[in-house]
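Written out below as structure tokens is the structure these notes cover.
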Amino acid sequence: MVLKIASMLLSGLVLIACGIARGQDPASTAGSDALLAVREYHATHARKILDELRDFLALPNVASDRDQIERNADHLVALLERRGIAARTLRVPGAPPAVYGAYNVPDAARTVVFYAHYDGQPAPADQGWVSDPWTPVLRAGALADGADVLDWTELDGDIDEDWRIYARSASDDKSPIIALLAAFDALQAAGIEPAVNLRFFFEGEEEAGSPHLADLLHAHRDLLTADLWLFCDGPVHQDGRGQVVFGVRGALGLEMTVYGPLRALHSGHYGNWAPNPAARLAELIASMRNGDGDILVDGFYDQVRPLGDAEQAALAAVPDADTALRRELAIGRAEADDARLVERIMLPAINVRGIRAGGVQDEAANAIPTEAHASMDFRLVPDLGPDDVKSLVEAHVRAQGYTIVRDTPAPDIRRKHAQLVRMNWGGGYPGLRTPMDLPVSRAVAAAVEAARGEAVVRIPNLGGSLPIYLFDEILDTTLIIVPMVNHDNNQHAANENVRIGNIWTGIDMYAYLMARLDW
């Protein structure tokens with residue numbers, strides 16, 4: 001129960017404060033005072049904070065729907081202005097708006113930008129939602145545990161940290177936005193001035209792949225230049241512990257088509273004679289990647305930046321979540337002889353996201369198909385870029401005896417070549433990793449630990465991808481990810497949710513970063 005827990009936290013912090021009075025560092029005293037104030041604020045304003053989140057979640061925000069995005073942007077501008085934060089939308093032709101807020105602190109030496117995105121994934125009715133994704137539902141725990149629905153209108157001060165809110169964008173990324181604003185409110189209510197100039201950048205097309213992000217950053221570079229960007233996207237560690245993440249993998253997509261006979265052929269009359277594109281495609285994929293996920297393309301690992309001493313030490317200290325994950329996901333054995341997940345995501349990867357050829361089950365026919373298609377994505381790490389991957393993979397494909405085309409080949413082209421493959425690359429971007437031993441990196445990790453009151457997990461890079469390299473290239477800034485939502489939040493899927501306790505710790509963390517971050 002939030003009031004009971006808050007009381008315990010306050011009591012504990014009073015003891016800390018007493019210890020400080022006996023000779024601890026004055027900076028620690030100031031930090032503890034800030035935490036006391038912030039926790040008291042969200043304990044006594046819990047209903048207000050959750051109501052504000054509920055109202056925000058009730059606004060549909062599908063990234064491809066421009067009208068929805070504009071309404072969300074207007075709502076965000078109003079939320080910022082209500083707090084005395086100078087707010088405006090940032091625009092470039094053809095793009096949905098980003099929402100920008102600025103709060104200057106007299107004599108502050110540094111400027112920090114907090115990033116989140118306010119657009120969301122679609123939520124189709126057949127996806128498996130048990131309630132309307134645009135009508136936030138409060139449950140007394142996780143849906144998977146059969147938790148009951150609670151009545152928002154009957155909420156009093158007795159709010160349990162394990163309760164959850166179910167709605168699209170509950171975790172990705174609307175609750176971090178509300179947590180940032182509540183953190184600012186808590187500091188203002190306590191009369192605590194931030195230690196840095198604050199900027200807020202809320203993107204409106206992250207879920208659409210950020211196609212206009214580079215243009216936005218170039219067009220508004222003067223407004224967005226800062227000493228540090230803190231990204232509030234993503235989950236905490238699988239064991240519930242907070243984490244600080246210093247980078248992401250890059251991404252690159254590929255669509256491949258392998259060709260067989262011009263028309264489907266009877267597999268009895270022509271099998272073992274006419275080339276089977278499905279079998280050939282399977283062989284081609286297997287030549288790129290073995291059953292342990294290791295990449296077999298010559299030179300693929302040559303440009304991968306080795307982990308430094310600080311990064312290797314951080315990995316060694318990451319708590320084991322693999323055993324629980326294998327049980328949760330019903331995986332008998334992970335790739336690479338049960339290698340640790342955290343180690344594997346430090347490496348590039350080839351993922352086969354889909355294969356299509358002929359028919360299966362009720363649609364199966366005893367025929368040799370005319371074509372076989374594969375959709376793949378590559379996850380990249382520094383310093384292996386998209387152009388490197390394209391060159392290496394295409395050289396490998398040619399070495400397997402294939403001729404590469406970019407368009408659907410005419411019959412005369414198919415007759416001319418024994419092995420033909422169409423390869424079409426999607427948009428891609430490189431990975432980025434901020435050094436973990438920079439003074440600012442150490443300061444952010446220390447601030448998050450102070451706010452959470454526990455050792456946090458330090459991760460060199462996420463397994464997932466974000467185009468944050470653009471901020472580095474265009475703004476020449478440092479980027480660190482400070483996530484807050486629960487790892488089992490179902491982002492991008494049905495029944496997306498956020499645990500209320502994660503909102504409270506997010507408020508603590510963001511308030512502490514605003515008020516006490518120093519490097």
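Residue numbering restarts at 1 in every chain; chains get A, B, ... in the order shown in the structure tokens, and ligands count up from 1 in that same order.
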Discussion item. Please list as a list in words every residue within 9 Å of Ala274 (chain A), counting only C-alpha atoms and excluding residues in the same chain fewer than 6 positions away.
Written reply: Gly260, Pro261, Leu265, Ser267 and Ile368 of chain A
Discussion item. I want to know what sits within 6 Å of region 174-182 of chain A, based on only C-alpha atoms, with residues of the same chain fewer than 3 positions away left out; could you give that as an MDAnalysis selection string?
Written reply: chainID A and resid 118 169:171 185 507
Discussion item. With DSSP run on the backbone, what are the alpha helix (DSSP H) residues within region 157-370 of chain A? I'd like them as a PyMOL selection string.
Written reply: chain A and resi 175-190+213-219+221-224+267-270+277-288+309-317+322-329+335-338+341-344
Worksheet item: What's the 12 Å shell around region 119-134 of chain A, counting only C-alpha atoms, without same-chain residues fewer than 6 positions away, as a ChimeraX atom specification?
Response: /A:54-73,76,96-99,143-144,146,149,165-174,177,202-210,490-497
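Straight-line separation from CA of Gly385 (chain A) to CA of Asp302 (chain A): 11.8 Å.
All residues of protein, DNA or RNA that reach within 12 Å of Val342 (chain A), judged by only C-alpha atoms and not counting those fewer than 4 positions away in the chain, are His237, Gln238, Val245, Glu311, Gln312, Ala314, Leu315, Ala316, Ala317, Val318, Pro319, Asp320, Ala321, Asp322, Asp338, Met346, Leu347, Val457, Arg458, Ile459, Pro460, Asn461, Leu462, Gly463 and Gly464 of chain A.
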Selected residues written out, N, CA and C atoms, as a short mmCIF file (atom, residue, chain, number, x, y, z; two decimals), in the first residue's frame:
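Generated file (out-v6.cif):
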```cif
data_model
loop_
_atom_site.label_atom_id
_atom_site.label_comp_id
_atom_site.auth_asym_id
_atom_site.auth_seq_id
_atom_site.Cartn_x
_atom_site.Cartn_y
_atom_site.Cartn_z
N HIS A 237 15.62 -4.10 -15.46
CA HIS A 237 16.13 -5.45 -15.60
C HIS A 237 15.04 -6.48 -15.29
N GLN A 238 15.23 -7.70 -15.82
CA GLN A 238 14.20 -8.73 -15.65
C GLN A 238 13.99 -9.13 -14.20
N VAL A 245 21.57 2.02 -19.10
CA VAL A 245 22.01 1.43 -20.36
C VAL A 245 22.77 2.49 -21.16
N GLU A 311 33.25 -2.19 -19.53
CA GLU A 311 32.09 -2.90 -20.06
C GLU A 311 32.13 -4.38 -19.67
N GLN A 312 33.29 -4.98 -19.72
CA GLN A 312 33.41 -6.39 -19.33
C GLN A 312 33.11 -6.57 -17.85
N ALA A 314 31.16 -4.66 -16.10
CA ALA A 314 29.71 -4.46 -15.93
C ALA A 314 28.95 -5.73 -16.29
N LEU A 315 29.33 -6.39 -17.37
CA LEU A 315 28.66 -7.62 -17.78
C LEU A 315 28.81 -8.71 -16.72
N ALA A 316 30.00 -8.81 -16.15
CA ALA A 316 30.24 -9.83 -15.13
C ALA A 316 29.35 -9.63 -13.91
N ALA A 317 28.96 -8.38 -13.67
CA ALA A 317 28.15 -8.06 -12.48
C ALA A 317 26.65 -8.13 -12.74
N VAL A 318 26.24 -8.34 -14.00
CA VAL A 318 24.80 -8.40 -14.30
C VAL A 318 24.21 -9.64 -13.66
N PRO A 319 23.14 -9.52 -12.89
CA PRO A 319 22.52 -10.69 -12.24
C PRO A 319 21.94 -11.65 -13.27
N ASP A 320 21.89 -12.91 -12.91
CA ASP A 320 21.38 -13.94 -13.80
C ASP A 320 19.86 -13.88 -13.88
N ALA A 321 19.37 -13.64 -15.09
CA ALA A 321 17.92 -13.71 -15.32
C ALA A 321 17.58 -14.81 -16.30
N ASP A 322 18.60 -15.49 -16.83
CA ASP A 322 18.39 -16.44 -17.91
C ASP A 322 17.57 -17.66 -17.48
N ASP A 338 23.67 -22.37 -24.28
CA ASP A 338 23.13 -21.66 -23.13
C ASP A 338 24.00 -20.47 -22.70
N MET A 346 25.61 -8.31 -26.93
CA MET A 346 26.75 -7.45 -27.21
C MET A 346 27.29 -7.70 -28.61
N LEU A 347 26.82 -8.75 -29.28
CA LEU A 347 27.31 -9.16 -30.59
C LEU A 347 26.29 -8.85 -31.68
N VAL A 457 21.83 -2.29 -12.32
CA VAL A 457 22.51 -3.06 -13.36
C VAL A 457 23.00 -2.10 -14.43
N ARG A 458 24.26 -2.20 -14.75
CA ARG A 458 24.85 -1.38 -15.81
C ARG A 458 24.99 -2.25 -17.06
N ILE A 459 24.39 -1.83 -18.16
CA ILE A 459 24.39 -2.60 -19.40
C ILE A 459 25.08 -1.78 -20.49
N PRO A 460 26.12 -2.32 -21.13
CA PRO A 460 26.79 -1.56 -22.20
C PRO A 460 25.85 -1.19 -23.34
N ASN A 461 25.01 -2.13 -23.76
CA ASN A 461 24.00 -1.78 -24.76
C ASN A 461 22.81 -2.73 -24.70
N LEU A 462 21.65 -2.20 -25.08
CA LEU A 462 20.44 -3.00 -25.19
C LEU A 462 20.55 -3.95 -26.38
N GLY A 463 19.76 -5.02 -26.35
CA GLY A 463 19.68 -5.88 -27.51
C GLY A 463 18.86 -5.24 -28.62
N GLY A 464 17.89 -4.42 -28.24
CA GLY A 464 17.04 -3.75 -29.21
C GLY A 464 17.73 -2.57 -29.86
#
```
Item to complete: Using DSSP on the backbone, list every residue of region 64-113 of chain A that comes out as strand (DSSP E or B), and give them as a VMD selection string.
Response: chain A and resid 86 to 90 98 to 103 111 to 113
Discussion item. Using only C-alpha atoms, which protein or nucleic acid residues come within 10 Å of Gly291 (chain A)? Drop anything in the same chain fewer than 5 positions from it, and give the result as a ChimeraX atom specification.
Written reply: /A:286,335-336
Would you save the residues from that selection as a PDB file, in the first residue's frame, using N, CA and C atoms?
```
ATOM      1  N   ALA A 286      21.120 -20.985 -43.964  1.00  0.00           N
ATOM      2  CA  ALA A 286      21.995 -21.783 -43.104  1.00  0.00           C
ATOM      3  C   ALA A 286      23.472 -21.514 -43.376  1.00  0.00           C
ATOM      4  N   GLU A 335      20.554 -20.544 -27.425  1.00  0.00           N
ATOM      5  CA  GLU A 335      21.612 -20.695 -28.430  1.00  0.00           C
ATOM      6  C   GLU A 335      22.995 -20.567 -27.788  1.00  0.00           C
ATOM      7  N   ALA A 336      23.997 -20.988 -28.554  1.00  0.00           N
ATOM      8  CA  ALA A 336      25.397 -20.903 -28.127  1.00  0.00           C
ATOM      9  C   ALA A 336      25.632 -21.628 -26.811  1.00  0.00           C
TER      10      ALA A 336
END
```
Response to the item:
In Å and to one decimal, CA of Ala183 (chain A) is distant from CA of Val38 (chain A) by 7.1 Å
Fill in: For Asp156 (chain A): contacts at 12 Å, only C-alpha atoms, fewer than 3 positions along chain excluded, given as a list in words
Met1, Val2, Leu3, Ala43, Thr44, His45, Ala46, Arg47, Lys48, Leu50, Leu150, Asp151, Trp152, Thr153, Ile159 and Asp160 of chain A
Output file for the selection above: C-alpha atoms, as a PDB file, in the first residue's frame:
```pdb
ATOM      1  CA  MET A   1       0.000   0.000   0.000  1.00  0.00           C
ATOM      2  CA  VAL A   2       1.500   3.264  -1.129  1.00  0.00           C
ATOM      3  CA  LEU A   3       0.925   5.293   2.056  1.00  0.00           C
ATOM      4  CA  ALA A  43       2.635   9.440  -1.651  1.00  0.00           C
ATOM      5  CA  THR A  44       0.240  12.335  -1.035  1.00  0.00           C
ATOM      6  CA  HIS A  45      -0.519  13.110  -4.706  1.00  0.00           C
ATOM      7  CA  ALA A  46      -0.828   9.545  -6.000  1.00  0.00           C
ATOM      8  CA  ARG A  47      -4.413   9.945  -7.183  1.00  0.00           C
ATOM      9  CA  LYS A  48      -3.606  13.160  -9.065  1.00  0.00           C
ATOM     10  CA  LEU A  50      -2.557   8.464 -11.840  1.00  0.00           C
ATOM     11  CA  LEU A 150     -10.582  -1.922  -9.906  1.00  0.00           C
ATOM     12  CA  ASP A 151     -12.823   1.142 -10.039  1.00  0.00           C
ATOM     13  CA  TRP A 152     -10.814   4.311 -10.713  1.00  0.00           C
ATOM     14  CA  THR A 153     -13.505   6.450  -9.081  1.00  0.00           C
ATOM     15  CA  ILE A 159      -2.828   2.250  -3.595  1.00  0.00           C
ATOM     16  CA  ASP A 160      -0.750  -0.899  -3.885  1.00  0.00           C
TER      17      ASP A 160
END
```
Distance table requested - region 233-306 of chain A against region 387-410 of chain A, cut-off 12 Å, only C-alpha atoms: one row per qualifying residue with the closest atom pair and its distance in Å to one decimal, ordered by chain and rising residue number, as JSON lines.
```
{"residue": "A:Gly250", "atom": "CA", "partner": "A:Val389", "partner_atom": "CA", "distance": 11.2}
{"residue": "A:Ala251", "atom": "CA", "partner": "A:Val389", "partner_atom": "CA", "distance": 10.3}
{"residue": "A:Leu252", "atom": "CA", "partner": "A:Val389", "partner_atom": "CA", "distance": 8.5}
{"residue": "A:Gly253", "atom": "CA", "partner": "A:Lys390", "partner_atom": "CA", "distance": 10.0}
{"residue": "A:Leu254", "atom": "CA", "partner": "A:Lys390", "partner_atom": "CA", "distance": 9.2}
{"residue": "A:Glu255", "atom": "CA", "partner": "A:Arg406", "partner_atom": "CA", "distance": 10.3}
{"residue": "A:Met256", "atom": "CA", "partner": "A:Arg406", "partner_atom": "CA", "distance": 9.6}
{"residue": "A:Thr257", "atom": "CA", "partner": "A:Thr408", "partner_atom": "CA", "distance": 9.0}
{"residue": "A:Val258", "atom": "CA", "partner": "A:Tyr402", "partner_atom": "CA", "distance": 9.3}
{"residue": "A:Tyr259", "atom": "CA", "partner": "A:Pro409", "partner_atom": "CA", "distance": 9.1}
{"residue": "A:Gly260", "atom": "CA", "partner": "A:Pro409", "partner_atom": "CA", "distance": 11.6}
{"residue": "A:Leu262", "atom": "CA", "partner": "A:Ala410", "partner_atom": "CA", "distance": 9.9}
{"residue": "A:Arg280", "atom": "CA", "partner": "A:Tyr402", "partner_atom": "CA", "distance": 10.5}
{"residue": "A:Leu281", "atom": "CA", "partner": "A:Val397", "partner_atom": "CA", "distance": 11.0}
{"residue": "A:Glu283", "atom": "CA", "partner": "A:Gln400", "partner_atom": "CA", "distance": 9.7}
{"residue": "A:Leu284", "atom": "CA", "partner": "A:Val397", "partner_atom": "CA", "distance": 7.6}
{"residue": "A:Ile285", "atom": "CA", "partner": "A:Val397", "partner_atom": "CA", "distance": 9.6}
{"residue": "A:Ala286", "atom": "CA", "partner": "A:Gln400", "partner_atom": "CA", "distance": 11.4}
{"residue": "A:Ser287", "atom": "CA", "partner": "A:Gln400", "partner_atom": "CA", "distance": 8.4}
{"residue": "A:Met288", "atom": "CA", "partner": "A:His396", "partner_atom": "CA", "distance": 7.9}
{"residue": "A:Arg289", "atom": "CA", "partner": "A:Val393", "partner_atom": "CA", "distance": 11.2}
{"residue": "A:Ile295", "atom": "CA", "partner": "A:Val393", "partner_atom": "CA", "distance": 10.4}
{"residue": "A:Leu296", "atom": "CA", "partner": "A:His396", "partner_atom": "CA", "distance": 9.1}
{"residue": "A:Val297", "atom": "CA", "partner": "A:His396", "partner_atom": "CA", "distance": 6.1}
{"residue": "A:Asp298", "atom": "CA", "partner": "A:His396", "partner_atom": "CA", "distance": 7.2}
{"residue": "A:Gly299", "atom": "CA", "partner": "A:Leu392", "partner_atom": "CA", "distance": 7.1}
{"residue": "A:Phe300", "atom": "CA", "partner": "A:Leu392", "partner_atom": "CA", "distance": 6.8}
{"residue": "A:Tyr301", "atom": "CA", "partner": "A:Val389", "partner_atom": "CA", "distance": 10.2}
{"residue": "A:Asp302", "atom": "CA", "partner": "A:Asp388", "partner_atom": "CA", "distance": 10.4}
{"residue": "A:Gln303", "atom": "CA", "partner": "A:Asp388", "partner_atom": "CA", "distance": 8.8}
{"residue": "A:Val304", "atom": "CA", "partner": "A:Asp388", "partner_atom": "CA", "distance": 10.8}
```
If we count only C-alpha atoms, what is near region 434-445 of chain A at a cut-off of 8 Å, once residues fewer than 5 positions away on the same chain are taken out, given as a PDB file with N, CA and C atoms, in the first residue's frame?
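New file around-v9.pdb:
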```
ATOM      1  N   VAL A 244      20.892   1.046 -15.893  1.00  0.00           N
ATOM      2  CA  VAL A 244      21.349   2.173 -16.700  1.00  0.00           C
ATOM      3  C   VAL A 244      21.995   1.567 -17.937  1.00  0.00           C
ATOM      4  N   PHE A 246      23.906   2.079 -21.718  1.00  0.00           N
ATOM      5  CA  PHE A 246      24.806   3.045 -22.339  1.00  0.00           C
ATOM      6  C   PHE A 246      24.817   2.973 -23.868  1.00  0.00           C
ATOM      7  N   GLY A 247      23.930   2.168 -24.441  1.00  0.00           N
ATOM      8  CA  GLY A 247      23.900   2.112 -25.891  1.00  0.00           C
ATOM      9  C   GLY A 247      22.819   1.186 -26.394  1.00  0.00           C
ATOM     10  N   ALA A 310      35.782  -1.609 -18.540  1.00  0.00           N
ATOM     11  CA  ALA A 310      34.603  -1.210 -17.760  1.00  0.00           C
ATOM     12  C   ALA A 310      33.373  -1.966 -18.220  1.00  0.00           C
ATOM     13  N   GLU A 311      33.254  -2.189 -19.526  1.00  0.00           N
ATOM     14  CA  GLU A 311      32.093  -2.898 -20.058  1.00  0.00           C
ATOM     15  C   GLU A 311      32.127  -4.378 -19.675  1.00  0.00           C
ATOM     16  N   VAL A 456      22.389  -0.756  -9.118  1.00  0.00           N
ATOM     17  CA  VAL A 456      21.660  -0.931 -10.371  1.00  0.00           C
ATOM     18  C   VAL A 456      22.510  -1.738 -11.342  1.00  0.00           C
ATOM     19  N   ARG A 458      24.263  -2.196 -14.750  1.00  0.00           N
ATOM     20  CA  ARG A 458      24.852  -1.380 -15.814  1.00  0.00           C
ATOM     21  C   ARG A 458      24.995  -2.248 -17.064  1.00  0.00           C
ATOM     22  N   PRO A 460      26.125  -2.322 -21.126  1.00  0.00           N
ATOM     23  CA  PRO A 460      26.787  -1.562 -22.199  1.00  0.00           C
ATOM     24  C   PRO A 460      25.854  -1.192 -23.342  1.00  0.00           C
ATOM     25  N   THR A 478      26.257  13.414 -25.475  1.00  0.00           N
ATOM     26  CA  THR A 478      26.349  12.123 -24.797  1.00  0.00           C
ATOM     27  C   THR A 478      24.940  11.592 -24.557  1.00  0.00           C
ATOM     28  N   LEU A 479      24.763  10.267 -24.762  1.00  0.00           N
ATOM     29  CA  LEU A 479      23.440   9.665 -24.637  1.00  0.00           C
ATOM     30  C   LEU A 479      23.486   8.484 -23.685  1.00  0.00           C
ATOM     31  N   ILE A 480      22.550   8.467 -22.730  1.00  0.00           N
ATOM     32  CA  ILE A 480      22.438   7.376 -21.760  1.00  0.00           C
ATOM     33  C   ILE A 480      20.957   7.072 -21.566  1.00  0.00           C
ATOM     34  N   LEU A 513      17.777  12.864 -10.750  1.00  0.00           N
ATOM     35  CA  LEU A 513      18.640  13.256 -11.872  1.00  0.00           C
ATOM     36  C   LEU A 513      18.498  14.748 -12.169  1.00  0.00           C
ATOM     37  N   LEU A 517      22.131  15.658 -10.200  1.00  0.00           N
ATOM     38  CA  LEU A 517      23.131  15.156 -11.139  1.00  0.00           C
ATOM     39  C   LEU A 517      24.262  16.162 -11.281  1.00  0.00           C
ATOM     40  N   ASP A 518      25.483  15.676 -11.120  1.00  0.00           N
ATOM     41  CA  ASP A 518      26.653  16.559 -11.203  1.00  0.00           C
ATOM     42  C   ASP A 518      27.842  15.745 -11.693  1.00  0.00           C
ATOM     43  N   TRP A 519      28.589  16.323 -12.611  1.00  0.00           N
ATOM     44  CA  TRP A 519      29.819  15.648 -13.076  1.00  0.00           C
ATOM     45  C   TRP A 519      30.855  16.668 -13.523  1.00  0.00           C
TER      46      TRP A 519
END
```
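We find CA of Val421 (chain A) and CA of Asp292 (chain A) to be spaced 25.1 Å apart.
Residue nearest Phe201 (chain A), chosen from A:Ala116, A:Val248, A:Leu155, A:Leu466 and counting only C-alpha atoms: A:Ala116.
Minimum distance to Pro483 (chain A) across A:Leu90, A:Leu380, A:Leu223, A:Val236 (counting only C-alpha atoms) occurs at A:Val236.
Using only C-alpha atoms for every distance, the candidate list A:Gly293, A:Gly359, A:Pro386, A:Gly191 yields A:Gly293 as the residue closest to Arg344 (chain A).
Of the listed residues A:Ala418, A:Leu470, A:Val113, A:Ala367, the one whose atoms come nearest to Asn272 (chain A) is A:Ala367, with distances taken using only C-alpha atoms.
Proximity to Arg91 (chain A) was assessed for A:Leu307, A:Leu53, A:Leu216, A:Ala78 counting only C-alpha atoms; the smallest distance is recorded for A:Leu216.
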